[in-house]
Amino acid sequence: MTQMLGGCRALRGLFAAVMAVVLVGLAGRDCSAFYLPGMAPVSFCSKDTEVRYKTAGNSLDSQCKSQIEMYVNRLDTVESIIPYDYDRFDFCQVPKTEDVRPVENLGQVVFGERIDASPYNFTFSKNEDCVKVCEKTYDPKVKEQEEKLTFLQKAIMLNYQQHWIIDNMPVTWCYTVEGDQKYCSPGFPVGCYVDKQGIRKDACVIDTNYDQKDTYYLFNHINFTIMYHRMSENEDLARIVSIKVEPHSINHKKTGGKCLTSVSENPVSAPMAIPAEIKEPISISYTYKVEYELNTKIRWASRWDYILESMPHSSIQWFSTINSLVIVGFLLLIVGRILHHNVYTGEDSVKKAGSERARDFRWKLLHGDIFRPPRGCMLLSALLGSGTQIVLVAFITLVLASVGLLSPARRGALMTCIIMLFVCLGLPAGYISTRMYKAFGGEKWKTNLLLTGLLVPSIIVAIVLILNVLMWTWQSSAVIPTSTLLTLLAMWFGIQLPLVYIGGFIAFIRKPIEFPVPTNLTQRRIPRQPCIKHPVLAAVVSGGLPFSCIFIQLFFILNSIWMHQFFYGFGFTLCTAAVMVVVCSLITILFCFLHLQSENYHWWWRSFLSSGFTAVYVLIYCVYYFVSKLTIQGTASTVLYFGYTSIMVLLFFLFTGTIGFFSCFWFLLKIYSSLDPSQLELNSDVEDEKDMPQETMNVGVVKEEEKEEDIANEAASNQEDGENPPPIIEVGKDNADTVQQDVSVVGGNSEGELTPQI
């Protein structure tokens, strides 16, 4: 009865987990679309209104601004992973008389964002036409100027994108793509290039005037369109809801200093063309035009929607979620069938089924070895502790992002949250690591905690430092400053590592985990395993199913990282992660039980590695993405890509490996705790000597013929001594249920065969 109740509890737990995933999936649409603003709204007004409020001493003067400030961010491209500061290019810049750069958080610095002030400043509701910002001259005879122009040509060749910010909103460039869909990019190119064959690349396709071979066209004129809506409670105040730009290339000398962009205004082609070989000095003027439009449909709280709606539609993500739920249902049926057929069936049905049915209960023969400590238990404990830390960081971050606390408006908030959570969650990492290490019988728990706190962070820091040196040689803006590195190291050794020891101490003073069955002193021999149950084959299959649930979501995540797109589907990601956890658990439990049926009790490392093999699929997909989707050029960018990918794969390996291990651990605790002490030995009527291998008789299991022979020998010995012979009891007959036999293991020979004492 206890066995059946344990089975019901296990099945209810699996069913509840799947139902929770289904509910999260049904709520995924709301989660993915909801976000909280990243900053307090700023109200703008005309210059006259601002002066009037200040003169009257109105309390709204602090909320009403007439000056619109624009900031510039780093420049990046999909053809190279190396970003550069705005100052690295010879664009128009603000005089460095004072530090006007806004304060950046930890996540922005780690991500390589470098926000700085720009010379582009506007007055609200004041339309301006052809405003000159600055002029640059390049003489090929002056080495410094020639190097600046060459670097600018390189940026145009690699299609580097400028990222400007107004009112904490990205300045977007909207254009039509395939299928007449409007796509709004959070940046616009520096220029475009026409190669030696006359093929127009990238943005050069937007204008037929860009037709000279082996020529660079610089976008030196920008048309701004700033949309706003009036506040209902005060018509004098307004809030910006979108900023769109149109980049143009204009040779102001040929147009007489005018900013002629359309064909009607500029019938003669006069773009700012820079030849590949410069023989004469070139003068470049940077200008802009700004217009204001009233928009009554878009509200301030939903002003990001026009950017997010231009991203890939969520229908594909819904398809991925439904596909994952189908996989979960399929695995749940398989595991449920196995549990019902092989684990939680009553002993009466086993007796009636005979030897063929007994094969389904070989897992019971391993009760004396199933919880035998594995080799490398300290390393396994450290990896489980770090894996638990990563699992908690991932799910807490996804929950916070799903409710909008980590929206795109909060720049750098996502990376800051991940770093702070990883540091603060050293406590559960140390607790789990020590808890498992103590269960394995380890005694060097302090060394185990040191390994837990240093192993995984050391690998990540080593990779980051190597990549940081490579970035430094290329003078990239992605270089993490020394002060930030020291801050991260201080957080590691000053906060995270002590928390690991505190968690380990809490686990040390607690009682160790009590396994439901004792472990034999003599190790059981494992029979030869069939090829179909080879660990590599099991890892390939068990890692493939979880990856099939996440590869679509992984595509969007990689796009957001390497294609510089906004990622907003945190609700879908949370749902996908929950489904992946269920799939990892079910598939690991399935293969773990299949190995037990082959009388192989080495499940500790196998459950961790087979589930963690999903990371290998992630690595293969990242290689495929690099080859087929990206156009990255250069050895440095390739090294950077695979360097950052290795960190992601390592964290994913620990994530899935930890999930698989604890799922299998929970499963084994459940099924072996449901066994009665009398069920730890197979009855002779369900044993068949011809069908069962010799190794299955090694742990407290005595064949019926051996028992009868021992009883007969003992009876003959007693007759010689003049004693009354004990009654001979036939084991396995109908009267076996009324006779209790005390069988205990007292020893064994060199072959691992144990001697019974009756």
# chains A, B, ... in the order shown; residues from 1 in each chain; ligands from 1

$ residues_around --residues "Lys258 (chain A)" --least-positions-apart "6" --cutoff "12 Å" --atoms "only C-alpha atoms" --output "list of chain:residue names"
A:Asp129, A:Cys130, A:Val131, A:Lys132, A:His221, A:Ile250, A:Asn251, A:His252, A:Glu265, A:Asn266, A:Ala270, A:Ser285, A:Tyr286, A:Thr287, A:Tyr288, A:Lys289

$ write_last_selection --atoms "all heavy atoms" --output "short mmCIF file (atom, residue, chain, number, x, y, z; two decimals), in the first residue's frame"
data_model
loop_
_atom_site.label_atom_id
_atom_site.label_comp_id
_atom_site.auth_asym_id
_atom_site.auth_seq_id
_atom_site.Cartn_x
_atom_site.Cartn_y
_atom_site.Cartn_z
N ASP A 129 15.48 73.94 -40.41
CA ASP A 129 15.80 73.39 -41.72
C ASP A 129 17.26 73.67 -42.05
O ASP A 129 17.69 74.83 -42.02
CB ASP A 129 14.89 74.00 -42.79
CG ASP A 129 15.05 73.33 -44.14
OD1 ASP A 129 15.64 72.24 -44.17
OD2 ASP A 129 14.58 73.89 -45.14
N CYS A 130 17.98 72.59 -42.33
CA CYS A 130 19.38 72.68 -42.77
C CYS A 130 20.25 73.45 -41.77
O CYS A 130 20.80 74.51 -42.07
CB CYS A 130 19.45 73.32 -44.15
SG CYS A 130 21.03 72.98 -45.02
N VAL A 131 20.33 72.90 -40.58
CA VAL A 131 21.18 73.49 -39.55
C VAL A 131 22.56 72.85 -39.63
O VAL A 131 22.68 71.62 -39.57
CB VAL A 131 20.57 73.28 -38.15
CG1 VAL A 131 21.47 73.88 -37.08
CG2 VAL A 131 19.17 73.88 -38.08
N LYS A 132 23.56 73.66 -39.75
CA LYS A 132 24.93 73.17 -39.85
C LYS A 132 25.50 72.94 -38.45
O LYS A 132 25.47 73.83 -37.60
CB LYS A 132 25.80 74.16 -40.62
CG LYS A 132 27.22 73.67 -40.87
CD LYS A 132 28.00 74.66 -41.72
CE LYS A 132 29.42 74.17 -41.97
NZ LYS A 132 30.20 75.12 -42.81
N HIS A 221 23.83 64.14 -43.51
CA HIS A 221 22.64 64.96 -43.24
C HIS A 221 21.54 64.06 -42.69
O HIS A 221 21.24 63.01 -43.26
CB HIS A 221 22.15 65.65 -44.51
CG HIS A 221 20.87 66.42 -44.30
ND1 HIS A 221 20.85 67.68 -43.74
CD2 HIS A 221 19.57 66.10 -44.56
CE1 HIS A 221 19.60 68.11 -43.68
NE2 HIS A 221 18.81 67.16 -44.17
N ILE A 250 24.82 64.29 -48.73
CA ILE A 250 24.73 65.54 -49.49
C ILE A 250 26.12 66.16 -49.57
O ILE A 250 26.80 66.33 -48.55
CB ILE A 250 23.75 66.53 -48.84
CG1 ILE A 250 22.34 65.91 -48.75
CG2 ILE A 250 23.71 67.84 -49.61
CD1 ILE A 250 21.35 66.80 -48.03
N ASN A 251 26.50 66.54 -50.77
CA ASN A 251 27.72 67.32 -50.98
C ASN A 251 27.31 68.79 -50.99
O ASN A 251 26.82 69.32 -52.01
CB ASN A 251 28.38 66.93 -52.31
CG ASN A 251 29.78 67.53 -52.43
OD1 ASN A 251 30.06 68.58 -51.88
ND2 ASN A 251 30.64 66.86 -53.18
N HIS A 252 27.47 69.45 -49.87
CA HIS A 252 26.97 70.80 -49.71
C HIS A 252 27.67 71.80 -50.62
O HIS A 252 27.10 72.85 -50.96
CB HIS A 252 27.10 71.24 -48.25
CG HIS A 252 26.22 70.47 -47.31
ND1 HIS A 252 26.57 69.25 -46.80
CD2 HIS A 252 24.98 70.75 -46.81
CE1 HIS A 252 25.62 68.81 -46.00
NE2 HIS A 252 24.64 69.70 -45.99
N GLU A 265 13.90 68.54 -55.17
CA GLU A 265 14.78 69.59 -54.65
C GLU A 265 16.17 69.51 -55.26
O GLU A 265 16.85 70.52 -55.44
CB GLU A 265 14.88 69.46 -53.12
CG GLU A 265 13.57 69.69 -52.39
CD GLU A 265 13.71 69.44 -50.90
OE1 GLU A 265 14.74 68.83 -50.51
OE2 GLU A 265 12.82 69.82 -50.14
N ASN A 266 16.62 68.31 -55.57
CA ASN A 266 17.99 68.10 -56.02
C ASN A 266 17.98 67.24 -57.29
O ASN A 266 18.28 66.06 -57.24
CB ASN A 266 18.80 67.42 -54.91
CG ASN A 266 20.27 67.32 -55.26
OD1 ASN A 266 20.77 68.05 -56.11
ND2 ASN A 266 20.95 66.39 -54.60
N ALA A 270 24.10 64.87 -56.21
CA ALA A 270 25.19 65.51 -55.48
C ALA A 270 25.37 64.87 -54.12
O ALA A 270 25.32 65.56 -53.09
CB ALA A 270 24.92 67.01 -55.34
N SER A 285 30.50 68.60 -44.56
CA SER A 285 29.64 69.37 -43.66
C SER A 285 28.56 68.46 -43.09
O SER A 285 27.95 67.68 -43.84
CB SER A 285 29.00 70.55 -44.39
OG SER A 285 29.98 71.46 -44.84
N TYR A 286 28.33 68.57 -41.79
CA TYR A 286 27.30 67.79 -41.11
C TYR A 286 26.13 68.72 -40.78
O TYR A 286 26.31 69.75 -40.12
CB TYR A 286 27.84 67.16 -39.83
CG TYR A 286 28.86 66.07 -40.09
CD1 TYR A 286 30.21 66.37 -40.20
CD2 TYR A 286 28.48 64.75 -40.24
CE1 TYR A 286 31.15 65.37 -40.43
CE2 TYR A 286 29.40 63.74 -40.47
CZ TYR A 286 30.74 64.06 -40.58
OH TYR A 286 31.67 63.08 -40.81
N THR A 287 24.95 68.36 -41.27
CA THR A 287 23.76 69.18 -41.09
C THR A 287 22.59 68.31 -40.64
O THR A 287 22.65 67.07 -40.71
CB THR A 287 23.37 69.89 -42.40
OG1 THR A 287 23.17 68.91 -43.42
CG2 THR A 287 24.48 70.85 -42.85
N TYR A 288 21.51 68.98 -40.23
CA TYR A 288 20.31 68.25 -39.85
C TYR A 288 19.08 69.12 -40.08
O TYR A 288 19.16 70.35 -40.20
CB TYR A 288 20.35 67.79 -38.40
CG TYR A 288 20.22 68.88 -37.37
CD1 TYR A 288 18.97 69.29 -36.91
CD2 TYR A 288 21.34 69.51 -36.83
CE1 TYR A 288 18.84 70.29 -35.96
CE2 TYR A 288 21.23 70.50 -35.88
CZ TYR A 288 19.97 70.89 -35.45
OH TYR A 288 19.84 71.88 -34.51
N LYS A 289 17.94 68.47 -40.11
CA LYS A 289 16.64 69.11 -40.22
C LYS A 289 15.71 68.46 -39.21
O LYS A 289 15.70 67.24 -39.07
CB LYS A 289 16.09 68.95 -41.64
CG LYS A 289 14.67 69.48 -41.84
CD LYS A 289 14.17 69.16 -43.24
CE LYS A 289 12.73 69.62 -43.42
NZ LYS A 289 12.22 69.30 -44.79
#

$ residues_around --residues "Tyr641 (chain A)" --least-positions-apart "5" --cutoff "10 Å" --atoms "only C-alpha atoms" --output "list in words"
Ser80, Ile81, Ile82, Leu467, Trp562, Cys622, Val623, Phe626, Ile632, Thr635, Ala636 and Ser646 of chain A

$ select_by_dssp --residues "region 116-323 of chain A" --states "helix (DSSP H, G or I)" --output "number ranges by chain"
A: 143-157, 178-180, 202-206, 300-302, 305-308, 315-323

$ residues_around --residues "region 436-449 of chain A" --least-positions-apart "3" --cutoff "10 Å" --atoms "only C-alpha atoms" --output "ChimeraX atom specification"
/A:371-375,377-382,384-385,429-433,452-455,497-498,500-505,507-508,510-515

$ residues_around --residues "region 537-545 of chain A" --least-positions-apart "4" --cutoff "8 Å" --atoms "only C-alpha atoms" --output "count of residues only"
18

$ residues_around --residues "Leu421 (chain A)" --least-positions-apart "3" --cutoff "9 Å" --atoms "only C-alpha atoms" --output "PyMOL selection string"
chain A and resi 389+392-393+396-397+416-418+424-426

$ write_last_selection --atoms "N, CA and C atoms" --output "compact mmCIF listing (two decimals), in the first residue's frame"
# COMPACT_ATOMS: atom_id res chain seq x y z
N GLN A 389 22.91 27.86 -8.37
CA GLN A 389 23.04 29.32 -8.39
C GLN A 389 22.58 29.88 -9.74
N LEU A 392 18.69 29.60 -10.25
CA LEU A 392 17.97 30.64 -9.52
C LEU A 392 18.14 32.00 -10.18
N VAL A 393 19.35 32.30 -10.63
CA VAL A 393 19.58 33.59 -11.31
C VAL A 393 18.73 33.68 -12.57
N ILE A 396 14.79 33.97 -11.61
CA ILE A 396 14.46 35.25 -10.96
C ILE A 396 14.57 36.39 -11.96
N THR A 397 15.59 36.36 -12.80
CA THR A 397 15.75 37.40 -13.82
C THR A 397 14.59 37.39 -14.80
N THR A 416 22.97 44.21 -15.06
CA THR A 416 23.17 44.55 -13.65
C THR A 416 22.44 43.59 -12.74
N CYS A 417 21.21 43.25 -13.11
CA CYS A 417 20.42 42.31 -12.31
C CYS A 417 21.08 40.93 -12.28
N ILE A 418 21.57 40.47 -13.42
CA ILE A 418 22.21 39.16 -13.48
C ILE A 418 23.46 39.12 -12.60
N CYS A 424 24.78 37.57 -5.01
CA CYS A 424 24.00 37.39 -3.78
C CYS A 424 23.52 35.96 -3.58
N LEU A 425 23.43 35.19 -4.66
CA LEU A 425 22.95 33.81 -4.54
C LEU A 425 24.09 32.82 -4.31
N GLY A 426 25.20 33.30 -3.79
CA GLY A 426 26.25 32.39 -3.37
C GLY A 426 25.83 31.56 -2.17

$ atom_distance --atom1 "CA of Cys592 (chain A)" --atom2 "CA of Met580 (chain A)"
17.8 Å

$ select_by_dssp --residues "region 145-203 of chain A" --states "strand (DSSP E or B)" --output "PyMOL selection string"
chain A and resi 161-162+164-166+169-170+172-176+182-185+188-189+191-194+200

$ residues_around --residues "Leu590 (chain A)" --least-positions-apart "4" --cutoff "10 Å" --atoms "only C-alpha atoms" --output "list in words"
Leu331, Leu332, Ile334, Val335, Gly336, Ile338, Leu339, Ser542, Cys584, Ser585, Leu586, Leu594, His595, Cys664 and Phe667 of chain A
